[in-house]
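Enquirer: Hey, dropping final.csv in here, CSV, C-alpha atoms:
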```csv
chain,number,residue,atom,x,y,z
A,1,MET,CA,-91.5,-31.1,65.3
A,2,PHE,CA,-88.8,-30.5,62.7
A,3,ASP,CA,-86.9,-27.5,64.0
A,4,GLN,CA,-84.2,-29.7,65.7
A,5,MET,CA,-83.2,-31.6,62.6
A,6,GLY,CA,-84.1,-29.2,59.8
A,7,LEU,CA,-86.9,-29.6,57.3
A,8,ASP,CA,-86.2,-31.2,54.0
A,9,ILE,CA,-88.9,-30.6,51.4
A,10,ASN,CA,-88.7,-32.6,48.2
A,11,ILE,CA,-90.9,-31.4,45.3
A,12,VAL,CA,-91.4,-33.9,42.6
A,13,VAL,CA,-91.3,-32.3,39.1
A,14,PHE,CA,-92.5,-33.8,35.8
A,15,ASP,CA,-93.2,-32.6,32.3
A,16,GLY,CA,-96.5,-30.8,32.3
A,17,PHE,CA,-96.3,-29.6,35.9
A,18,GLU,CA,-98.3,-26.5,36.9
A,19,PRO,CA,-95.8,-23.7,37.8
A,20,LEU,CA,-97.6,-22.1,40.7
A,21,ASP,CA,-98.3,-25.5,42.3
A,22,VAL,CA,-94.6,-25.8,42.7
A,23,PHE,CA,-93.5,-22.2,43.3
A,24,GLY,CA,-96.2,-21.2,45.7
A,25,PRO,CA,-95.2,-23.7,48.4
A,26,PHE,CA,-91.6,-23.3,47.3
A,27,GLU,CA,-91.7,-19.7,48.3
A,28,VAL,CA,-93.3,-20.5,51.6
A,29,PHE,CA,-90.5,-23.0,52.4
A,30,ILE,CA,-87.6,-20.7,51.4
A,31,ASN,CA,-89.1,-18.2,53.8
A,32,THR,CA,-89.2,-20.7,56.6
A,33,ASP,CA,-86.0,-20.9,58.8
A,34,GLY,CA,-84.4,-24.3,58.7
A,35,ALA,CA,-86.2,-25.6,55.6
A,36,ARG,CA,-84.4,-26.8,52.5
A,37,VAL,CA,-86.3,-27.3,49.3
A,38,ARG,CA,-85.2,-29.4,46.3
A,39,LEU,CA,-86.9,-30.0,43.0
A,40,PHE,CA,-86.4,-33.6,41.9
A,41,SER,CA,-87.6,-35.9,39.2
A,42,LEU,CA,-88.2,-39.7,39.6
A,43,ASP,CA,-86.3,-40.5,36.3
A,44,GLY,CA,-83.1,-38.8,37.3
A,45,PRO,CA,-81.6,-35.3,37.0
A,46,GLY,CA,-82.4,-33.1,34.1
A,47,MET,CA,-84.8,-30.5,32.7
A,48,LYS,CA,-88.5,-30.6,33.1
A,49,VAL,CA,-91.0,-28.5,31.1
A,50,GLY,CA,-94.0,-27.1,32.9
A,51,GLU,CA,-97.2,-25.4,31.6
A,52,GLY,CA,-96.4,-22.3,29.6
A,53,GLY,CA,-93.1,-23.8,28.5
A,54,VAL,CA,-91.1,-23.0,31.6
A,55,ARG,CA,-88.0,-25.3,31.9
A,56,VAL,CA,-86.5,-26.0,35.4
A,57,GLU,CA,-83.6,-28.2,36.4
A,58,THR,CA,-84.1,-31.1,38.8
A,59,VAL,CA,-81.9,-33.4,40.7
A,60,GLY,CA,-82.5,-37.2,40.8
A,61,PRO,CA,-84.1,-39.3,43.5
A,62,GLU,CA,-80.7,-40.3,44.8
A,63,ASP,CA,-80.0,-36.6,45.6
A,64,ILE,CA,-82.8,-36.0,48.0
A,65,ASN,CA,-83.3,-37.0,51.6
A,66,SER,CA,-85.9,-39.8,51.0
A,67,GLN,CA,-87.2,-39.3,54.6
A,68,GLY,CA,-88.0,-35.7,53.9
A,69,VAL,CA,-91.4,-34.1,53.3
A,70,LEU,CA,-92.8,-35.0,49.9
A,71,LEU,CA,-94.8,-32.4,47.9
A,72,ILE,CA,-96.6,-33.4,44.6
A,73,PRO,CA,-97.9,-30.7,42.3
A,74,GLY,CA,-100.6,-31.0,39.6
A,75,GLY,CA,-100.7,-30.0,36.0
A,76,SER,CA,-101.7,-31.5,32.7
A,77,GLY,CA,-98.8,-34.0,33.0
A,78,THR,CA,-100.8,-35.9,35.7
A,79,ARG,CA,-103.2,-37.1,33.0
A,80,THR,CA,-100.7,-39.5,31.5
A,81,LEU,CA,-98.7,-40.2,34.7
A,82,VAL,CA,-101.7,-41.7,36.5
A,83,GLY,CA,-101.4,-44.6,33.9
A,84,ASP,CA,-97.7,-45.1,34.4
A,85,ASP,CA,-97.6,-47.8,37.1
A,86,GLN,CA,-93.8,-47.7,37.4
A,87,TRP,CA,-93.8,-44.0,38.0
A,88,THR,CA,-96.7,-44.0,40.5
A,89,GLY,CA,-95.2,-47.0,42.2
A,90,GLN,CA,-91.9,-45.2,42.8
A,91,LEU,CA,-94.0,-42.2,44.1
A,92,ALA,CA,-95.9,-44.5,46.5
A,93,SER,CA,-92.6,-45.9,47.8
A,94,LEU,CA,-91.3,-42.4,48.6
A,95,ALA,CA,-94.7,-41.4,50.1
A,96,ALA,CA,-94.5,-44.5,52.4
A,97,ARG,CA,-91.1,-43.3,53.8
A,98,SER,CA,-92.0,-39.7,54.1
A,99,PRO,CA,-93.3,-38.3,57.4
A,100,GLN,CA,-95.5,-35.8,55.6
A,101,VAL,CA,-96.9,-35.9,52.1
A,102,MET,CA,-98.6,-32.9,50.5
A,103,THR,CA,-100.3,-32.6,47.1
A,104,VAL,CA,-101.5,-29.5,45.2
A,105,CYS,CA,-104.3,-29.5,42.7
A,106,THR,CA,-104.4,-32.6,40.5
A,107,GLY,CA,-101.3,-33.9,42.3
A,108,SER,CA,-103.7,-35.9,44.5
A,109,ALA,CA,-104.7,-38.0,41.5
A,110,LEU,CA,-101.1,-39.3,41.3
A,111,LEU,CA,-101.3,-40.6,44.9
A,112,ALA,CA,-104.9,-41.9,44.3
A,113,ALA,CA,-103.8,-43.8,41.2
A,114,ALA,CA,-101.2,-45.6,43.3
A,115,GLY,CA,-103.7,-46.6,45.9
A,116,VAL,CA,-102.0,-44.5,48.6
A,117,LEU,CA,-105.1,-42.5,49.5
A,118,ASP,CA,-107.5,-45.5,49.7
A,119,GLY,CA,-109.8,-45.0,52.7
A,120,ARG,CA,-108.5,-41.5,53.3
A,121,ARG,CA,-110.1,-38.1,53.0
A,122,ALA,CA,-108.6,-35.9,50.3
A,123,THR,CA,-109.4,-33.1,47.9
A,124,SER,CA,-108.2,-31.7,44.6
A,125,ASN,CA,-108.8,-29.0,41.9
A,126,ASP,CA,-112.4,-28.1,41.7
A,127,LEU,CA,-112.4,-27.8,37.9
A,128,ALA,CA,-110.8,-31.3,37.4
A,129,PHE,CA,-112.7,-32.9,40.3
A,130,ASP,CA,-114.7,-35.6,38.4
A,131,TRP,CA,-111.6,-36.8,36.6
A,132,VAL,CA,-109.6,-36.9,39.9
A,133,VAL,CA,-112.4,-38.9,41.6
A,134,SER,CA,-112.2,-41.4,38.8
A,135,THR,CA,-108.5,-42.1,39.6
A,136,GLY,CA,-109.3,-43.3,43.1
A,137,GLU,CA,-112.8,-44.7,43.7
A,138,ARG,CA,-111.9,-45.8,47.2
A,139,VAL,CA,-110.8,-42.3,48.3
A,140,ASP,CA,-113.2,-40.2,50.4
A,141,TRP,CA,-113.1,-37.2,48.2
A,142,ILE,CA,-114.1,-33.9,49.7
A,143,LYS,CA,-115.0,-31.3,47.0
A,144,ASP,CA,-115.8,-28.4,49.3
A,145,ALA,CA,-112.5,-27.7,50.9
A,146,ARG,CA,-109.4,-25.5,50.4
A,147,TRP,CA,-107.3,-28.3,51.8
A,148,VAL,CA,-107.8,-31.5,53.7
A,149,VAL,CA,-105.6,-33.1,56.4
A,150,ASP,CA,-105.8,-36.9,57.0
A,151,GLY,CA,-102.9,-38.3,59.1
A,152,LYS,CA,-99.7,-37.5,57.3
A,153,PHE,CA,-101.5,-36.6,54.1
A,154,ARG,CA,-102.4,-33.0,53.2
A,155,THR,CA,-104.1,-32.5,49.9
A,156,SER,CA,-105.1,-29.1,48.5
A,157,SER,CA,-107.6,-27.7,46.0
A,158,GLY,CA,-106.4,-25.9,42.9
A,159,ILE,CA,-103.1,-24.1,42.3
A,160,SER,CA,-103.1,-21.2,44.8
A,161,ALA,CA,-104.7,-23.3,47.6
A,162,GLY,CA,-101.2,-24.9,47.9
A,163,ILE,CA,-99.9,-21.7,49.4
A,164,ASP,CA,-102.5,-21.8,52.2
A,165,MET,CA,-101.9,-25.5,52.8
A,166,ALA,CA,-98.1,-25.0,52.9
A,167,LEU,CA,-98.4,-22.1,55.4
A,168,ALA,CA,-100.8,-24.2,57.6
A,169,PHE,CA,-98.2,-27.0,57.5
A,170,VAL,CA,-95.4,-24.7,58.6
A,171,GLU,CA,-97.7,-23.5,61.4
A,172,ASP,CA,-98.2,-27.1,62.6
A,173,ALA,CA,-94.5,-28.2,62.1
A,174,CYS,CA,-92.6,-25.0,63.1
A,175,GLY,CA,-95.1,-22.9,65.0
A,176,SER,CA,-97.4,-20.0,64.3
A,177,GLN,CA,-94.6,-17.5,64.4
A,178,ALA,CA,-92.8,-19.2,61.6
A,179,ALA,CA,-96.0,-19.2,59.4
A,180,GLU,CA,-96.6,-15.6,60.2
A,181,LYS,CA,-93.1,-14.7,59.3
A,182,ALA,CA,-93.3,-16.5,56.0
A,183,SER,CA,-96.6,-15.0,55.0
A,184,MET,CA,-95.4,-11.5,56.0
A,185,GLN,CA,-92.2,-11.8,54.0
A,186,MET,CA,-94.3,-13.0,51.0
A,187,GLU,CA,-96.8,-10.2,51.7
A,188,TYR,CA,-99.4,-13.0,51.3
A,189,ILE,CA,-102.9,-12.5,52.7
A,190,ARG,CA,-103.5,-16.0,54.1
A,191,ASN,CA,-106.7,-18.0,54.0
A,192,ARG,CA,-106.6,-19.9,57.3
A,193,ASP,CA,-109.9,-21.8,57.0
A,194,SER,CA,-109.2,-25.2,55.3
A,195,GLY,CA,-113.0,-25.6,54.8
A,196,TYR,CA,-113.5,-22.3,52.9
A,197,ASP,CA,-113.7,-23.0,49.2
A,198,PRO,CA,-115.3,-20.3,47.1
A,199,PHE,CA,-114.5,-22.3,43.9
A,200,ALA,CA,-116.3,-25.5,44.7
B,1,MET,CA,-106.5,-3.6,23.9
B,2,PHE,CA,-104.3,-6.6,23.2
B,3,ASP,CA,-106.8,-9.2,22.2
B,4,GLN,CA,-106.4,-8.6,18.4
B,5,MET,CA,-102.7,-9.1,18.2
B,6,GLY,CA,-102.0,-11.3,21.2
B,7,LEU,CA,-100.2,-10.4,24.3
B,8,ASP,CA,-96.5,-11.1,24.6
B,9,ILE,CA,-95.2,-11.0,28.2
B,10,ASN,CA,-91.5,-10.9,28.7
B,11,ILE,CA,-90.2,-11.6,32.2
B,12,VAL,CA,-86.6,-10.7,32.8
B,13,VAL,CA,-84.8,-13.2,34.9
B,14,PHE,CA,-81.4,-12.8,36.7
B,15,ASP,CA,-79.4,-14.6,39.3
B,16,GLY,CA,-81.0,-14.0,42.7
B,17,PHE,CA,-84.6,-13.6,41.4
B,18,GLU,CA,-87.4,-14.3,43.8
B,19,PRO,CA,-89.3,-17.3,42.5
B,20,LEU,CA,-92.9,-16.3,43.3
B,21,ASP,CA,-92.3,-12.8,41.8
B,22,VAL,CA,-91.9,-14.6,38.5
B,23,PHE,CA,-94.2,-17.5,38.8
B,24,GLY,CA,-97.2,-15.7,40.4
B,25,PRO,CA,-97.7,-13.4,37.4
B,26,PHE,CA,-96.5,-16.2,35.1
B,27,GLU,CA,-99.4,-18.4,36.2
B,28,VAL,CA,-101.9,-15.5,35.7
B,29,PHE,CA,-100.7,-15.0,32.1
B,30,ILE,CA,-100.7,-18.7,31.1
B,31,ASN,CA,-104.3,-18.7,32.3
B,32,THR,CA,-105.1,-15.7,30.0
B,33,ASP,CA,-106.3,-16.5,26.5
B,34,GLY,CA,-104.0,-15.1,23.9
B,35,ALA,CA,-101.1,-14.4,26.2
B,36,ARG,CA,-97.6,-15.8,25.6
B,37,VAL,CA,-95.0,-15.7,28.4
B,38,ARG,CA,-91.3,-15.9,28.0
B,39,LEU,CA,-88.5,-15.9,30.6
B,40,PHE,CA,-85.4,-14.1,29.2
B,41,SER,CA,-82.2,-12.7,30.5
B,42,LEU,CA,-80.4,-9.6,29.2
B,43,ASP,CA,-77.0,-11.4,28.9
B,44,GLY,CA,-78.2,-14.1,26.5
B,45,PRO,CA,-79.8,-17.5,26.8
B,46,GLY,CA,-78.8,-19.8,29.7
B,47,MET,CA,-79.6,-20.8,33.2
B,48,LYS,CA,-80.4,-18.4,36.0
B,49,VAL,CA,-80.4,-19.3,39.7
B,50,GLY,CA,-83.2,-17.9,41.9
B,51,GLU,CA,-83.6,-17.8,45.7
B,52,GLY,CA,-83.7,-21.2,47.2
B,53,GLY,CA,-81.4,-22.5,44.5
B,54,VAL,CA,-84.0,-23.0,41.7
B,55,ARG,CA,-82.5,-23.1,38.2
B,56,VAL,CA,-84.6,-22.0,35.3
B,57,GLU,CA,-83.8,-21.7,31.6
B,58,THR,CA,-84.0,-18.4,29.8
B,59,VAL,CA,-83.9,-17.2,26.2
B,60,GLY,CA,-81.9,-14.2,25.2
B,61,PRO,CA,-83.2,-10.6,24.4
B,62,GLU,CA,-83.1,-11.4,20.7
B,63,ASP,CA,-85.7,-14.1,21.2
B,64,ILE,CA,-88.4,-11.9,22.6
B,65,ASN,CA,-90.8,-9.5,21.1
B,66,SER,CA,-89.1,-6.3,22.3
B,67,GLN,CA,-92.5,-4.4,22.0
B,68,GLY,CA,-94.2,-6.9,24.4
B,69,VAL,CA,-95.1,-6.2,28.0
B,70,LEU,CA,-92.1,-6.2,30.3
B,71,LEU,CA,-92.2,-7.7,33.8
B,72,ILE,CA,-89.4,-7.2,36.3
B,73,PRO,CA,-89.3,-9.4,39.4
B,74,GLY,CA,-87.4,-8.6,42.6
B,75,GLY,CA,-85.1,-10.7,44.7
B,76,SER,CA,-81.7,-10.4,46.4
B,77,GLY,CA,-80.0,-10.1,42.9
B,78,THR,CA,-81.4,-6.6,42.6
B,79,ARG,CA,-78.9,-5.4,45.3
B,80,THR,CA,-76.0,-5.8,42.9
B,81,LEU,CA,-77.8,-5.1,39.6
B,82,VAL,CA,-78.8,-1.6,40.7
B,83,GLY,CA,-75.1,-0.7,40.4
B,84,ASP,CA,-74.6,-2.3,37.0
B,85,ASP,CA,-75.2,0.6,34.7
B,86,GLN,CA,-74.9,-1.5,31.5
B,87,TRP,CA,-77.5,-3.9,32.7
B,88,THR,CA,-80.0,-1.2,34.0
B,89,GLY,CA,-79.4,0.7,30.8
B,90,GLN,CA,-80.4,-2.2,28.7
B,91,LEU,CA,-83.4,-2.7,30.9
B,92,ALA,CA,-84.3,1.0,30.5
B,93,SER,CA,-84.1,0.7,26.7
B,94,LEU,CA,-86.5,-2.3,26.7
B,95,ALA,CA,-88.8,-0.4,29.1
B,96,ALA,CA,-88.9,2.6,26.7
B,97,ARG,CA,-90.1,0.3,23.9
B,98,SER,CA,-92.6,-1.6,25.9
B,99,PRO,CA,-96.3,-0.5,25.9
B,100,GLN,CA,-96.6,-1.7,29.6
B,101,VAL,CA,-94.0,-2.3,32.2
B,102,MET,CA,-94.7,-4.1,35.5
B,103,THR,CA,-92.4,-4.7,38.5
B,104,VAL,CA,-92.9,-6.9,41.5
B,105,CYS,CA,-91.3,-6.4,44.9
B,106,THR,CA,-87.8,-4.9,44.6
B,107,GLY,CA,-88.0,-5.0,40.8
B,108,SER,CA,-89.0,-1.4,41.0
B,109,ALA,CA,-85.5,-0.5,42.3
B,110,LEU,CA,-84.0,-1.7,39.0
B,111,LEU,CA,-86.2,0.8,37.0
B,112,ALA,CA,-85.6,3.5,39.6
B,113,ALA,CA,-81.8,3.0,39.4
B,114,ALA,CA,-82.0,3.5,35.7
B,115,GLY,CA,-83.9,6.8,36.2
B,116,VAL,CA,-87.0,5.4,34.4
B,117,LEU,CA,-89.3,6.1,37.3
B,118,ASP,CA,-88.2,9.7,37.9
B,119,GLY,CA,-91.2,11.9,38.7
B,120,ARG,CA,-93.6,8.9,38.8
B,121,ARG,CA,-95.6,7.3,41.5
B,122,ALA,CA,-94.3,3.8,42.4
B,123,THR,CA,-94.2,1.2,45.2
B,124,SER,CA,-92.1,-1.8,46.3
B,125,ASN,CA,-91.6,-4.4,49.0
B,126,ASP,CA,-92.5,-3.0,52.4
B,127,LEU,CA,-89.6,-4.8,54.2
B,128,ALA,CA,-87.0,-3.4,51.8
B,129,PHE,CA,-88.7,0.0,51.3
B,130,ASP,CA,-85.9,2.2,52.7
B,131,TRP,CA,-83.3,0.6,50.5
B,132,VAL,CA,-85.6,0.9,47.4
B,133,VAL,CA,-86.2,4.6,48.1
B,134,SER,CA,-82.5,5.1,48.2
B,135,THR,CA,-82.2,3.8,44.6
B,136,GLY,CA,-84.4,6.6,43.2
B,137,GLU,CA,-84.6,9.8,45.1
B,138,ARG,CA,-86.7,11.5,42.4
B,139,VAL,CA,-89.4,8.8,42.5
B,140,ASP,CA,-92.7,9.5,44.3
B,141,TRP,CA,-92.6,6.4,46.4
B,142,ILE,CA,-95.9,5.2,47.9
B,143,LYS,CA,-95.4,2.9,50.8
B,144,ASP,CA,-99.0,2.1,51.6
B,145,ALA,CA,-100.2,0.4,48.5
B,146,ARG,CA,-100.5,-3.2,47.1
B,147,TRP,CA,-99.7,-1.9,43.7
B,148,VAL,CA,-99.5,1.5,42.0
B,149,VAL,CA,-100.4,2.5,38.4
B,150,ASP,CA,-98.7,5.5,36.8
B,151,GLY,CA,-99.1,5.7,33.0
B,152,LYS,CA,-97.7,2.5,31.5
B,153,PHE,CA,-95.9,1.6,34.7
B,154,ARG,CA,-97.4,-0.7,37.3
B,155,THR,CA,-95.3,-1.4,40.4
B,156,SER,CA,-96.3,-3.8,43.1
B,157,SER,CA,-95.5,-4.4,46.7
B,158,GLY,CA,-93.8,-7.6,47.9
B,159,ILE,CA,-93.9,-11.0,46.2
B,160,SER,CA,-97.6,-12.1,46.3
B,161,ALA,CA,-98.8,-8.6,45.5
B,162,GLY,CA,-97.6,-9.3,41.9
B,163,ILE,CA,-100.4,-11.8,41.4
B,164,ASP,CA,-103.0,-9.1,42.3
B,165,MET,CA,-101.3,-6.6,40.0
B,166,ALA,CA,-101.1,-9.0,37.2
B,167,LEU,CA,-104.8,-9.9,37.5
B,168,ALA,CA,-105.7,-6.2,37.5
B,169,PHE,CA,-103.6,-5.7,34.4
B,170,VAL,CA,-105.4,-8.6,32.6
B,171,GLU,CA,-108.7,-6.9,33.6
B,172,ASP,CA,-107.6,-3.6,32.1
B,173,ALA,CA,-106.0,-5.2,29.0
B,174,CYS,CA,-108.4,-8.1,28.2
B,175,GLY,CA,-111.6,-7.4,30.2
B,176,SER,CA,-113.0,-8.4,33.6
B,177,GLN,CA,-114.1,-11.8,32.3
B,178,ALA,CA,-110.5,-12.7,31.4
B,179,ALA,CA,-109.3,-11.8,34.9
B,180,GLU,CA,-112.2,-13.7,36.5
B,181,LYS,CA,-111.4,-16.7,34.4
B,182,ALA,CA,-107.7,-16.6,35.3
B,183,SER,CA,-108.3,-16.2,39.0
B,184,MET,CA,-110.9,-19.0,39.0
B,185,GLN,CA,-108.6,-21.4,37.2
B,186,MET,CA,-105.9,-20.6,39.7
B,187,GLU,CA,-108.4,-20.8,42.6
B,188,TYR,CA,-106.8,-17.5,43.7
B,189,ILE,CA,-108.8,-15.3,46.1
B,190,ARG,CA,-108.1,-11.9,44.6
B,191,ASN,CA,-107.3,-8.7,46.4
B,192,ARG,CA,-108.9,-6.0,44.1
B,193,ASP,CA,-108.0,-2.9,46.1
B,194,SER,CA,-104.7,-1.5,45.0
B,195,GLY,CA,-104.6,0.7,48.1
B,196,TYR,CA,-105.1,-2.1,50.6
B,197,ASP,CA,-101.7,-3.0,52.1
B,198,PRO,CA,-101.8,-4.8,55.4
B,199,PHE,CA,-98.0,-5.1,55.4
B,200,ALA,CA,-97.1,-1.4,55.1
```
Can the structure in the file be given as structure tokens, please?
Expert:
Amino acid sequence: MFDQMGLDINIVVFDGFEPLDVFGPFEVFINTDGARVRLFSLDGPGMKVGEGGVRVETVGPEDINSQGVLLIPGGSGTRTLVGDDQWTGQLASLAARSPQVMTVCTGSALLAAAGVLDGRRATSNDLAFDWVVSTGERVDWIKDARWVVDGKFRTSSGISAGIDMALAFVEDACGSQAAEKASMQMEYIRNRDSGYDPFA
Amino acid sequence: MFDQMGLDINIVVFDGFEPLDVFGPFEVFINTDGARVRLFSLDGPGMKVGEGGVRVETVGPEDINSQGVLLIPGGSGTRTLVGDDQWTGQLASLAARSPQVMTVCTGSALLAAAGVLDGRRATSNDLAFDWVVSTGERVDWIKDARWVVDGKFRTSSGISAGIDMALAFVEDACGSQAAEKASMQMEYIRNRDSGYDPFA
């Protein structure tokens, strides 16, 4: 569905992001023909510090295609951001404009806190599951899943599950050959079953 | 063997590095108790630009524990660096001091070009294999492997294989419980067989 116009992927980055939540899907998309990936932060361009002290540069929200695909990682930074109504409000506004929204790990808590997932099926990190559930009581949380698709929302379980979700998205958006090519170039042994969750 | 003194992991970063080659193992190590990970560049502190345009901050070689574990990613930047004798010489010097040296993907070409892998068994990215072989004619290249261990050198196949190699290293260095914990926290479904290579 995207191959005519190209595929813009916007990954929102914040202090305390989990590195592989970002760079697993990032690697999938840079191995997908026609996709462009940008790391951005809602409070403007600058450096963000992830788990383990990694520092990455981001552009501001004015530098992305606001109608691109939105991807939201998790990480310890989500614990404070769920209480930041201005931040989650901005995120909700971007999610509303985006044709596809993906979360990895505790990234789903950020959408849940903004009310965006109310009435929808979603999943999250198994180890942080109870906390995530508390951020969105009206969400139909599915614990036993590697990822969950509900309409334009795709939410994945912990960290590495984001890679499988991203590959499945590429398959839906660009075809199975594109997903095969990306996983072959990454030498990634795919988990294709969204319901298989050995960590639940 | 490292749990008494802590485990310093130094990941060398250069323009044209492959993001998941760095951040797959990075995520393994930040989920390993007692490990500290640093991204450094041989030409001093600054920003390095990886595939897909990602910009990450590095420290200089004077800011790392030069007797720590050295990890070398791959990426398109290796194509020019193999011809930079000063750069590969500095890398060889660090490799000589390091108790453990790991490469991901075409990172093994950088060690091979410096002569460090002469007479040793090693592997690399399957898709770039012929080029990598040309960088070190005296290396005993093993195509059909997810990763190869020869003495203190551990070389892995393409991109994602670095995660499996890093987890196997944690198992050897810190015990099987440490590796289990890291893979569980990452929700990563491990490939434990170093000889299994569906991409060869």
Enquirer: Could you please determine the separation between CA of Gln86 (chain B) and CA of Phe23 (chain B) in Å, to one decimal place?
Expert: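 Those two atoms sit 26.1 Å apart.
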Enquirer: One decimal, Å: what's the distance from CA of Ser134 (chain B) over to CA of Val116 (chain B), could you say?
Expert: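 Interatomic distance here is 14.5 Å.
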Enquirer: What is the distance, in Å and to one decimal place, between CA of Gly77 (chain A) and CA of Ser183 (chain A)?
Expert: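 Pair CA of Gly77 (chain A) / CA of Ser183 (chain A) returns 29.2 Å.
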Enquirer: Could you list, as a list of chain:residue names, the residues of chain B having an atom within 7 Å of chain A when counting only C-alpha atoms?
Expert: B:Pro19, B:Leu20, B:Phe23, B:Gly24, B:Glu27, B:Ile30, B:Val37, B:Gly52, B:Arg55, B:Val56, B:Glu57, B:Gly158, B:Ile159, B:Ser160, B:Ala161, B:Met184, B:Met186, B:Glu187, B:Tyr188, B:Phe199
Enquirer: Show me, as a tab-separated table (two decimals) with C-alpha atoms, keeping the file's coordinate frame, the residues that have an atom within 10 Å of Pro61 (chain A) when counting all atoms listed in the file, minus same-chain residues fewer than 6 positions from it.
Expert:
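Written file, part.tsv:
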```
chain	number	residue	atom	x	y	z
A	10	ASN	CA	-88.70	-32.60	48.20
A	12	VAL	CA	-91.40	-33.90	42.60
A	39	LEU	CA	-86.90	-30.00	43.00
A	40	PHE	CA	-86.40	-33.60	41.90
A	41	SER	CA	-87.60	-35.90	39.20
A	42	LEU	CA	-88.20	-39.70	39.60
A	43	ASP	CA	-86.30	-40.50	36.30
A	44	GLY	CA	-83.10	-38.80	37.30
A	45	PRO	CA	-81.60	-35.30	37.00
A	90	GLN	CA	-91.90	-45.20	42.80
A	94	LEU	CA	-91.30	-42.40	48.60
```
Enquirer: Nearest to Gly136 (chain A): which of A:Val149, A:Leu110, A:Val13, A:Met102 is it, counting all atoms listed in the file?
Expert: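 Ranking A:Val149, A:Leu110, A:Val13, A:Met102 by distance to Gly136 (chain A), first place goes to A:Leu110.
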Enquirer: Between B:Val133, B:Val148, B:Val101, B:Ile11, which has the minimum distance to Tyr196 (chain B) (counting only C-alpha atoms)?
Expert: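 Checking each of B:Val133, B:Val148, B:Val101, B:Ile11 against Tyr196 (chain B), counting only C-alpha atoms, the winner is B:Val148.
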Enquirer: Neighbours of Ala95 (chain B) within 10 Å (only C-alpha atoms; same-chain residues fewer than 2 positions away dropped), as a ChimeraX atom specification?
Expert: /B:66-72,89-93,97-102,111,116,152-153
Enquirer: Just the residues within 7 Å of Ser108 (chain A), please, counting all atoms listed in the file, with nothing from its chain fewer than 5 positions along; format it as a tab-separated table (two decimals) with C-alpha atoms, in the coordinates of the input.
Expert:
```tsv
chain	number	residue	atom	x	y	z
A	103	THR	CA	-100.30	-32.60	47.10
A	124	SER	CA	-108.20	-31.70	44.60
A	155	THR	CA	-104.10	-32.50	49.90
```
